[in-house]
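Participant: Got a structure here, written out as structure tokens. Questions coming.
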Amino acid sequence: MAVCSTTTLSIGGSVFSGQLRHWEPNESKLFQKPRSRFRCLCLNDLHLLRFRTKTLNFNPRGSLLPSLYAYGKEADDAFLSKVNEDTDEMFDDLMKKYGEVVFRKNDLAVEMAKVASDVKAADIRVLFVKPLVYWTRFFIIATAFSRPQIDAIGSRIRDLAEKKYGKVPSGDAKPNSWTLLDFGDVVVHIFLPQQRAFYNLEEFYGNATLIELPSETQPPFHT
Amino acid sequence: MGCAIVVHVYGGTPTEATPQELICIRVIGASNCRYTYIGDVIIAVIKEAVPNIPLEISEMIRAIIVRTRKELKHDNRMIIQHDDNATVIIDQEGNPKGTRIFGANAPKLRQLNFTKIVSLALE
């Protein structure tokens with residue numbers, strides 16, 4: 001099954017941008033005769049990719065095969081026409097098999113929202129942002145009304161993630177008017193009311209799916 | 001060693017409602033550092049500003065470098081190079097002063113705990 005990734009590479013002045021995929025020796029016009037150094041790489045696609053990136057960083061006096069460059073350039077055209085059909089079918093199959101399961105695995109996000117609700121955070125939203133951004137899956141946006149409350153929410157969420165899921169967040173260690181905790185798949189945003197209105201992340205991620213929480217959140221206090 | 005952004009070189013800002021050009025004066029966290037790269041927090045002065053923004057010319061600000069013309073080498077042997085030098089203006093707490101960020105951002109920003117910039121970025 002072909003797996004594609006988009007990348008931009010700059011090698012020795014030549015710029016390649018496009019989609020890399022796992023190479024099968026039968027398909028290449030250049031490598032009619034499989035060379036010994038590549039033969040072993042065909043067994044495992046992952047190793048092939050790694051080895052290729054290594055060869056591209058040889059010193060200038062070393063033997064960088066010009067066919068490697070030509071392969072990347074020449075294969076681009078062949079890739080584009082063939083990859084579109086294959087990738088569409090592949091993604092459809094993957095979504096049918098795993099799409100719903102991936103969406104349902106939001107236990108961490110929902111539990112964090114519940115913890116925030118216990119500390120009386122207001123207007124808690126859990127957004128499924130995976131279709132919009134590549135670097136995370138869920139956003140949790142909450143409003144706190146003072147910096148000690150932000151600190152309390154942050155520390156409770158950190159404790160929960162560390163004890164139950166073994167995840168340590170990166171992000172703000174000190175309470176901030178906008179405190180962010182990055183757990184990889186889940187990113188928690190804790191705002192003061194003015195910052196929440198100023199940055200307005202819900203509007204920015206308006207196309208994200210809002211996940212319904214099992215318990216209702218606290219209504220905002222009037223200031 | 002090539003240079004990325006040398007102190008006292010112009011750089012742009014890609015956020016909304018922010019000035020057009022800055023001069024980098026100092027790098028925070030490093031003494032007498034000549035060069036800066038993506039992810040460095042700098043002190044800069046505004047040299048050119050668009051009208052109707054809260055910042056003025058000759059104002060000292062803090063900024064994070066998000067793009068450089070100098071190529072950035074990643075651990076996975078990938079090299080990324082942008083067409084311009086760009087920064088995002090931040091306040092003393094480290095929060096961006098603008099509400100949206102335009103242009104491409106390097107993935108390295110998230111590793112350096114600048115996820116706020118990544119979350120406000122359009123691309």
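We name chains A, B, ... following the order of the structure tokens; residues begin at 1 in each chain, and ligands are numbered from 1 as shown.
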For chain A, work out the contacting residues on chain B at 8 Å, counting only C-alpha atoms, and write them as a PyMOL selection string.
Facilitator: chain B and resi 77-80+93+95+99+113-116+120
Participant: Write the residues of the selection above to a file with N, CA, C and O atoms, as a PDB file, in the first residue's frame.
Facilitator:
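What ended up in result-v8.pdb:
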```pdb
ATOM      1  N   ARG B  77      17.175  15.654   8.341  1.00  0.00           N
ATOM      2  CA  ARG B  77      17.954  15.976   7.143  1.00  0.00           C
ATOM      3  C   ARG B  77      17.180  16.842   6.148  1.00  0.00           C
ATOM      4  O   ARG B  77      17.559  16.965   5.014  1.00  0.00           O
ATOM      5  N   MET B  78      16.076  17.419   6.587  1.00  0.00           N
ATOM      6  CA  MET B  78      15.314  18.279   5.703  1.00  0.00           C
ATOM      7  C   MET B  78      15.787  19.722   5.892  1.00  0.00           C
ATOM      8  O   MET B  78      16.076  20.147   7.011  1.00  0.00           O
ATOM      9  N   ILE B  79      15.838  20.455   4.796  1.00  0.00           N
ATOM     10  CA  ILE B  79      16.305  21.844   4.852  1.00  0.00           C
ATOM     11  C   ILE B  79      15.174  22.721   4.368  1.00  0.00           C
ATOM     12  O   ILE B  79      14.631  22.506   3.285  1.00  0.00           O
ATOM     13  N   ILE B  80      14.827  23.707   5.160  1.00  0.00           N
ATOM     14  CA  ILE B  80      13.727  24.607   4.795  1.00  0.00           C
ATOM     15  C   ILE B  80      14.284  26.011   4.707  1.00  0.00           C
ATOM     16  O   ILE B  80      15.003  26.473   5.587  1.00  0.00           O
ATOM     17  N   GLU B  93       4.697  39.077  28.278  1.00  0.00           N
ATOM     18  CA  GLU B  93       4.312  37.723  28.728  1.00  0.00           C
ATOM     19  C   GLU B  93       4.613  36.667  27.684  1.00  0.00           C
ATOM     20  O   GLU B  93       4.496  35.483  27.960  1.00  0.00           O
ATOM     21  N   ASN B  95       2.840  36.622  24.713  1.00  0.00           N
ATOM     22  CA  ASN B  95       1.648  36.438  23.881  1.00  0.00           C
ATOM     23  C   ASN B  95       1.756  37.320  22.645  1.00  0.00           C
ATOM     24  O   ASN B  95       2.189  38.479  22.739  1.00  0.00           O
ATOM     25  N   THR B  99      -3.678  39.201  16.248  1.00  0.00           N
ATOM     26  CA  THR B  99      -4.629  38.113  16.442  1.00  0.00           C
ATOM     27  C   THR B  99      -4.511  37.026  15.376  1.00  0.00           C
ATOM     28  O   THR B  99      -4.978  35.913  15.596  1.00  0.00           O
ATOM     29  N   ASN B 113       8.124  25.630  22.086  1.00  0.00           N
ATOM     30  CA  ASN B 113       7.064  26.130  22.962  1.00  0.00           C
ATOM     31  C   ASN B 113       6.443  27.430  22.465  1.00  0.00           C
ATOM     32  O   ASN B 113       6.063  28.275  23.265  1.00  0.00           O
ATOM     33  N   PHE B 114       6.351  27.593  21.155  1.00  0.00           N
ATOM     34  CA  PHE B 114       5.640  28.738  20.598  1.00  0.00           C
ATOM     35  C   PHE B 114       4.364  28.251  19.914  1.00  0.00           C
ATOM     36  O   PHE B 114       4.042  28.651  18.795  1.00  0.00           O
ATOM     37  N   THR B 115       3.629  27.382  20.592  1.00  0.00           N
ATOM     38  CA  THR B 115       2.413  26.818  20.015  1.00  0.00           C
ATOM     39  C   THR B 115       1.341  27.887  19.832  1.00  0.00           C
ATOM     40  O   THR B 115       0.454  27.736  18.991  1.00  0.00           O
ATOM     41  N   LYS B 116       1.417  28.964  20.581  1.00  0.00           N
ATOM     42  CA  LYS B 116       0.439  30.040  20.409  1.00  0.00           C
ATOM     43  C   LYS B 116       0.555  30.629  19.011  1.00  0.00           C
ATOM     44  O   LYS B 116      -0.450  30.916  18.356  1.00  0.00           O
ATOM     45  N   LEU B 120      -2.336  30.428  15.941  1.00  0.00           N
ATOM     46  CA  LEU B 120      -2.922  31.610  15.306  1.00  0.00           C
ATOM     47  C   LEU B 120      -2.563  31.716  13.837  1.00  0.00           C
ATOM     48  O   LEU B 120      -3.031  32.626  13.156  1.00  0.00           O
TER      49      LEU B 120
END
```
Participant: Pick out the closest residue to B:Ile61 from this set: B:Ile25, B:Cys33, B:Asn76, B:Asp84. Count only C-alpha atoms.
Facilitator: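 Distance minimum relative to B:Ile61 lands on B:Ile25.
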Participant: From the options B:Ala30, B:Leu72, B:Ala121, B:Val41, which residue's atoms come nearest to B:Thr87, counting only C-alpha atoms?
Facilitator: B:Val41
Participant: Can you tell me, as a PyMOL selection string, what residues are no more than 7 Å from A:Pro193 when counting only C-alpha atoms, ignoring any on the same chain fewer than 2 positions away?
Facilitator: chain A and resi 143+145+191+195-197
Participant: I need the residues from that last selection saved to file as a compact mmCIF listing (two decimals), in the first residue's frame (with all heavy atoms), if you can.
Facilitator:
```
# COMPACT_ATOMS: atom_id res chain seq x y z
N THR A 143 -12.33 29.48 29.75
CA THR A 143 -12.15 30.82 30.31
C THR A 143 -12.02 30.72 31.81
O THR A 143 -12.84 30.05 32.47
CB THR A 143 -13.35 31.73 29.97
OG1 THR A 143 -13.45 31.83 28.56
CG2 THR A 143 -13.16 33.12 30.54
N PHE A 145 -11.21 33.29 35.38
CA PHE A 145 -11.47 34.68 35.73
C PHE A 145 -10.37 35.32 36.54
O PHE A 145 -10.46 36.50 36.89
CB PHE A 145 -12.82 34.78 36.47
CG PHE A 145 -13.95 34.29 35.61
CD1 PHE A 145 -14.42 32.99 35.72
CD2 PHE A 145 -14.50 35.11 34.66
CE1 PHE A 145 -15.43 32.54 34.91
CE2 PHE A 145 -15.52 34.66 33.85
CZ PHE A 145 -15.98 33.38 33.97
N PHE A 191 -7.93 31.05 28.83
CA PHE A 191 -7.88 32.50 28.62
C PHE A 191 -8.48 33.23 29.80
O PHE A 191 -9.37 32.72 30.48
CB PHE A 191 -8.70 32.89 27.39
CG PHE A 191 -8.13 32.45 26.06
CD1 PHE A 191 -8.60 31.31 25.44
CD2 PHE A 191 -7.16 33.19 25.44
CE1 PHE A 191 -8.11 30.92 24.23
CE2 PHE A 191 -6.65 32.80 24.22
CZ PHE A 191 -7.12 31.66 23.60
N GLN A 195 -8.75 38.27 26.91
CA GLN A 195 -7.92 37.63 25.89
C GLN A 195 -8.75 36.71 25.00
O GLN A 195 -8.49 36.57 23.82
CB GLN A 195 -6.79 36.83 26.55
CG GLN A 195 -5.51 37.61 26.73
CD GLN A 195 -5.69 38.75 27.69
OE1 GLN A 195 -6.43 38.66 28.66
NE2 GLN A 195 -5.02 39.85 27.42
N ARG A 196 -9.74 36.07 25.60
CA ARG A 196 -10.55 35.17 24.79
C ARG A 196 -11.31 35.95 23.72
O ARG A 196 -11.43 35.52 22.58
CB ARG A 196 -11.54 34.42 25.67
CG ARG A 196 -12.32 33.37 24.89
CD ARG A 196 -12.88 32.31 25.76
NE ARG A 196 -13.59 31.31 24.98
CZ ARG A 196 -14.01 30.16 25.47
NH1 ARG A 196 -13.81 29.87 26.74
NH2 ARG A 196 -14.65 29.30 24.70
N ALA A 197 -11.82 37.10 24.12
CA ALA A 197 -12.52 37.93 23.14
C ALA A 197 -11.55 38.51 22.12
O ALA A 197 -11.88 38.66 20.94
CB ALA A 197 -13.25 39.07 23.87
```
Participant: Fewer than 4 positions away in the same chain doesn't count, so skip those; otherwise give me all residues within 12 Å of B:Ser58, counting only C-alpha atoms, as an mmCIF file with C-alpha atoms, in the first residue's frame.
Facilitator:
```
data_model
loop_
_atom_site.group_PDB
_atom_site.id
_atom_site.type_symbol
_atom_site.label_atom_id
_atom_site.label_comp_id
_atom_site.auth_asym_id
_atom_site.auth_seq_id
_atom_site.Cartn_x
_atom_site.Cartn_y
_atom_site.Cartn_z
ATOM 1 C CA PRO B 19 4.658 47.401 11.329
ATOM 2 C CA GLU B 21 10.070 46.609 9.050
ATOM 3 C CA LEU B 22 12.103 46.188 12.193
ATOM 4 C CA ILE B 23 15.736 46.299 13.111
ATOM 5 C CA ILE B 25 18.951 45.107 18.278
ATOM 6 C CA ALA B 44 13.857 45.205 17.896
ATOM 7 C CA VAL B 45 13.013 48.755 16.977
ATOM 8 C CA ILE B 46 10.355 49.672 14.442
ATOM 9 C CA LYS B 47 11.786 51.395 11.397
ATOM 10 C CA GLU B 48 8.814 51.481 9.062
ATOM 11 C CA ALA B 49 5.201 51.250 10.056
#
```
Participant: What is the atom CA of B:Glu71-atom CA of B:Val27 distance in Å, reported with one decimal?
Facilitator: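 Between these atoms lies a distance of 19.1 Å.
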Participant: Give the strand (DSSP E or B) residues of stretch 163-204 of chain A, as DSSP finds them on the backbone, and put them as an MDAnalysis selection string.
Facilitator: chainID A and resid 170:171 178:182 186:191
Participant: Please dump the current selection as a PDB file, in the first residue's frame; keep N, CA, C and O atoms.
Facilitator:
```
ATOM      1  N   SER A 170       4.013  20.438  27.168  1.00  0.00           N
ATOM      2  CA  SER A 170       4.918  21.553  26.950  1.00  0.00           C
ATOM      3  C   SER A 170       4.047  22.799  26.871  1.00  0.00           C
ATOM      4  O   SER A 170       2.849  22.720  26.679  1.00  0.00           O
ATOM      5  N   GLY A 171       4.654  23.942  27.024  1.00  0.00           N
ATOM      6  CA  GLY A 171       3.868  25.170  26.968  1.00  0.00           C
ATOM      7  C   GLY A 171       4.196  26.053  28.152  1.00  0.00           C
ATOM      8  O   GLY A 171       5.307  26.054  28.664  1.00  0.00           O
ATOM      9  N   TRP A 178      -3.012  34.167  28.701  1.00  0.00           N
ATOM     10  CA  TRP A 178      -3.345  33.083  27.782  1.00  0.00           C
ATOM     11  C   TRP A 178      -2.369  31.939  28.081  1.00  0.00           C
ATOM     12  O   TRP A 178      -1.226  31.983  27.708  1.00  0.00           O
ATOM     13  N   THR A 179      -2.861  30.936  28.779  1.00  0.00           N
ATOM     14  CA  THR A 179      -2.019  29.802  29.148  1.00  0.00           C
ATOM     15  C   THR A 179      -2.306  28.663  28.203  1.00  0.00           C
ATOM     16  O   THR A 179      -3.462  28.304  27.977  1.00  0.00           O
ATOM     17  N   LEU A 180      -1.251  28.097  27.659  1.00  0.00           N
ATOM     18  CA  LEU A 180      -1.405  27.031  26.680  1.00  0.00           C
ATOM     19  C   LEU A 180      -0.674  25.797  27.177  1.00  0.00           C
ATOM     20  O   LEU A 180       0.464  25.886  27.617  1.00  0.00           O
ATOM     21  N   LEU A 181      -1.347  24.659  27.117  1.00  0.00           N
ATOM     22  CA  LEU A 181      -0.738  23.377  27.489  1.00  0.00           C
ATOM     23  C   LEU A 181      -0.819  22.467  26.271  1.00  0.00           C
ATOM     24  O   LEU A 181      -1.907  22.191  25.764  1.00  0.00           O
ATOM     25  N   ASP A 182       0.320  22.012  25.821  1.00  0.00           N
ATOM     26  CA  ASP A 182       0.389  21.236  24.587  1.00  0.00           C
ATOM     27  C   ASP A 182       0.685  19.779  24.937  1.00  0.00           C
ATOM     28  O   ASP A 182       1.786  19.445  25.360  1.00  0.00           O
ATOM     29  N   VAL A 186      -3.745  16.865  22.036  1.00  0.00           N
ATOM     30  CA  VAL A 186      -4.705  17.794  22.637  1.00  0.00           C
ATOM     31  C   VAL A 186      -3.959  19.054  23.050  1.00  0.00           C
ATOM     32  O   VAL A 186      -2.894  18.983  23.660  1.00  0.00           O
ATOM     33  N   VAL A 187      -4.525  20.198  22.698  1.00  0.00           N
ATOM     34  CA  VAL A 187      -3.941  21.485  23.095  1.00  0.00           C
ATOM     35  C   VAL A 187      -4.982  22.224  23.910  1.00  0.00           C
ATOM     36  O   VAL A 187      -6.122  22.394  23.460  1.00  0.00           O
ATOM     37  N   VAL A 188      -4.602  22.644  25.108  1.00  0.00           N
ATOM     38  CA  VAL A 188      -5.527  23.304  26.023  1.00  0.00           C
ATOM     39  C   VAL A 188      -5.209  24.794  26.037  1.00  0.00           C
ATOM     40  O   VAL A 188      -4.066  25.193  26.244  1.00  0.00           O
ATOM     41  N   HIS A 189      -6.228  25.605  25.805  1.00  0.00           N
ATOM     42  CA  HIS A 189      -6.093  27.070  25.858  1.00  0.00           C
ATOM     43  C   HIS A 189      -6.930  27.575  27.024  1.00  0.00           C
ATOM     44  O   HIS A 189      -8.143  27.359  27.038  1.00  0.00           O
ATOM     45  N   ILE A 190      -6.284  28.254  27.947  1.00  0.00           N
ATOM     46  CA  ILE A 190      -7.010  28.837  29.083  1.00  0.00           C
ATOM     47  C   ILE A 190      -6.824  30.345  29.002  1.00  0.00           C
ATOM     48  O   ILE A 190      -5.696  30.848  29.081  1.00  0.00           O
ATOM     49  N   PHE A 191      -7.930  31.053  28.830  1.00  0.00           N
ATOM     50  CA  PHE A 191      -7.878  32.497  28.624  1.00  0.00           C
ATOM     51  C   PHE A 191      -8.484  33.235  29.803  1.00  0.00           C
ATOM     52  O   PHE A 191      -9.367  32.721  30.485  1.00  0.00           O
TER      53      PHE A 191
END
```
Participant: In terms of the shortest atom-to-atom distance over only C-alpha atoms, which of B:Ala106, B:Val50, B:Cys24, B:Ile117 is closest to B:Gly94?
Facilitator: B:Ile117
Participant: Can you work out the spacing between atom CA of A:Gly154 and atom CA of A:Tyr134 in Å, to one decimal?
Facilitator: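 Answer for the atom CA of A:Gly154 to atom CA of A:Tyr134 separation: 24.4 Å.
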Participant: Rounded to one decimal, what separation in Å do you get between atom CA of A:Ala122 and atom CA of A:Leu192?
Facilitator: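 These two atoms are separated by 10.1 Å.
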Participant: Out of B:Arg62, B:Arg67, B:Arg110, B:Lys73, which residue has the shortest atom-to-atom distance to B:Asp91 when counting only C-alpha atoms?
Facilitator: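 When distances to B:Asp91 are compared using only C-alpha atoms, the smallest one comes from B:Arg62.
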Participant: Would you pick out the contacts of B:Ile89 at 7 Å or less, using only C-alpha atoms, so that residues sharing its chain but fewer than 4 positions from it are not included, and give the list as a list in words?
Facilitator: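 Surrounding residues, per the criterion: Arg62, Ala63, Ile64, Pro96 and Lys97 of chain B.
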Participant: Could you write out the selected residues, including all heavy atoms, as a PDB file, in the first residue's frame?
Facilitator:
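Output file part.pdb follows:
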```
ATOM      1  N   ARG B  62       9.438  43.523  21.520  1.00  0.00           N
ATOM      2  CA  ARG B  62       9.998  42.166  21.499  1.00  0.00           C
ATOM      3  C   ARG B  62       9.353  41.400  20.347  1.00  0.00           C
ATOM      4  O   ARG B  62       8.169  41.614  20.039  1.00  0.00           O
ATOM      5  CB  ARG B  62       9.656  41.434  22.795  1.00  0.00           C
ATOM      6  CG  ARG B  62      10.448  41.898  23.969  1.00  0.00           C
ATOM      7  CD  ARG B  62      10.240  40.982  25.138  1.00  0.00           C
ATOM      8  NE  ARG B  62      11.143  41.336  26.202  1.00  0.00           N
ATOM      9  CZ  ARG B  62      11.578  40.487  27.108  1.00  0.00           C
ATOM     10  NH1 ARG B  62      11.186  39.239  27.090  1.00  0.00           N
ATOM     11  NH2 ARG B  62      12.399  40.880  28.035  1.00  0.00           N
ATOM     12  N   ALA B  63      10.114  40.492  19.767  1.00  0.00           N
ATOM     13  CA  ALA B  63       9.572  39.733  18.633  1.00  0.00           C
ATOM     14  C   ALA B  63      10.215  38.353  18.601  1.00  0.00           C
ATOM     15  O   ALA B  63      11.285  38.136  19.167  1.00  0.00           O
ATOM     16  CB  ALA B  63       9.838  40.466  17.316  1.00  0.00           C
ATOM     17  N   ILE B  64       9.514  37.445  17.955  1.00  0.00           N
ATOM     18  CA  ILE B  64      10.029  36.088  17.749  1.00  0.00           C
ATOM     19  C   ILE B  64      10.261  35.911  16.251  1.00  0.00           C
ATOM     20  O   ILE B  64       9.397  36.247  15.438  1.00  0.00           O
ATOM     21  CB  ILE B  64       9.020  35.036  18.229  1.00  0.00           C
ATOM     22  CG1 ILE B  64       8.822  35.134  19.720  1.00  0.00           C
ATOM     23  CG2 ILE B  64       9.478  33.624  17.872  1.00  0.00           C
ATOM     24  CD1 ILE B  64       7.668  34.315  20.216  1.00  0.00           C
ATOM     25  N   PRO B  96       1.348  36.827  21.496  1.00  0.00           N
ATOM     26  CA  PRO B  96       1.424  37.655  20.280  1.00  0.00           C
ATOM     27  C   PRO B  96       0.529  38.886  20.409  1.00  0.00           C
ATOM     28  O   PRO B  96      -0.567  38.823  20.969  1.00  0.00           O
ATOM     29  CB  PRO B  96       0.910  36.725  19.165  1.00  0.00           C
ATOM     30  CG  PRO B  96       1.025  35.357  19.706  1.00  0.00           C
ATOM     31  CD  PRO B  96       0.904  35.459  21.185  1.00  0.00           C
ATOM     32  N   LYS B  97       1.010  39.991  19.876  1.00  0.00           N
ATOM     33  CA  LYS B  97       0.220  41.217  19.951  1.00  0.00           C
ATOM     34  C   LYS B  97      -0.888  41.223  18.906  1.00  0.00           C
ATOM     35  O   LYS B  97      -1.908  41.867  19.093  1.00  0.00           O
ATOM     36  CB  LYS B  97       1.127  42.437  19.737  1.00  0.00           C
ATOM     37  CG  LYS B  97       1.899  42.809  20.963  1.00  0.00           C
ATOM     38  CD  LYS B  97       2.244  44.291  20.986  1.00  0.00           C
ATOM     39  CE  LYS B  97       2.784  44.664  22.339  1.00  0.00           C
ATOM     40  NZ  LYS B  97       3.183  46.053  22.442  1.00  0.00           N
TER      41      LYS B  97
END
```
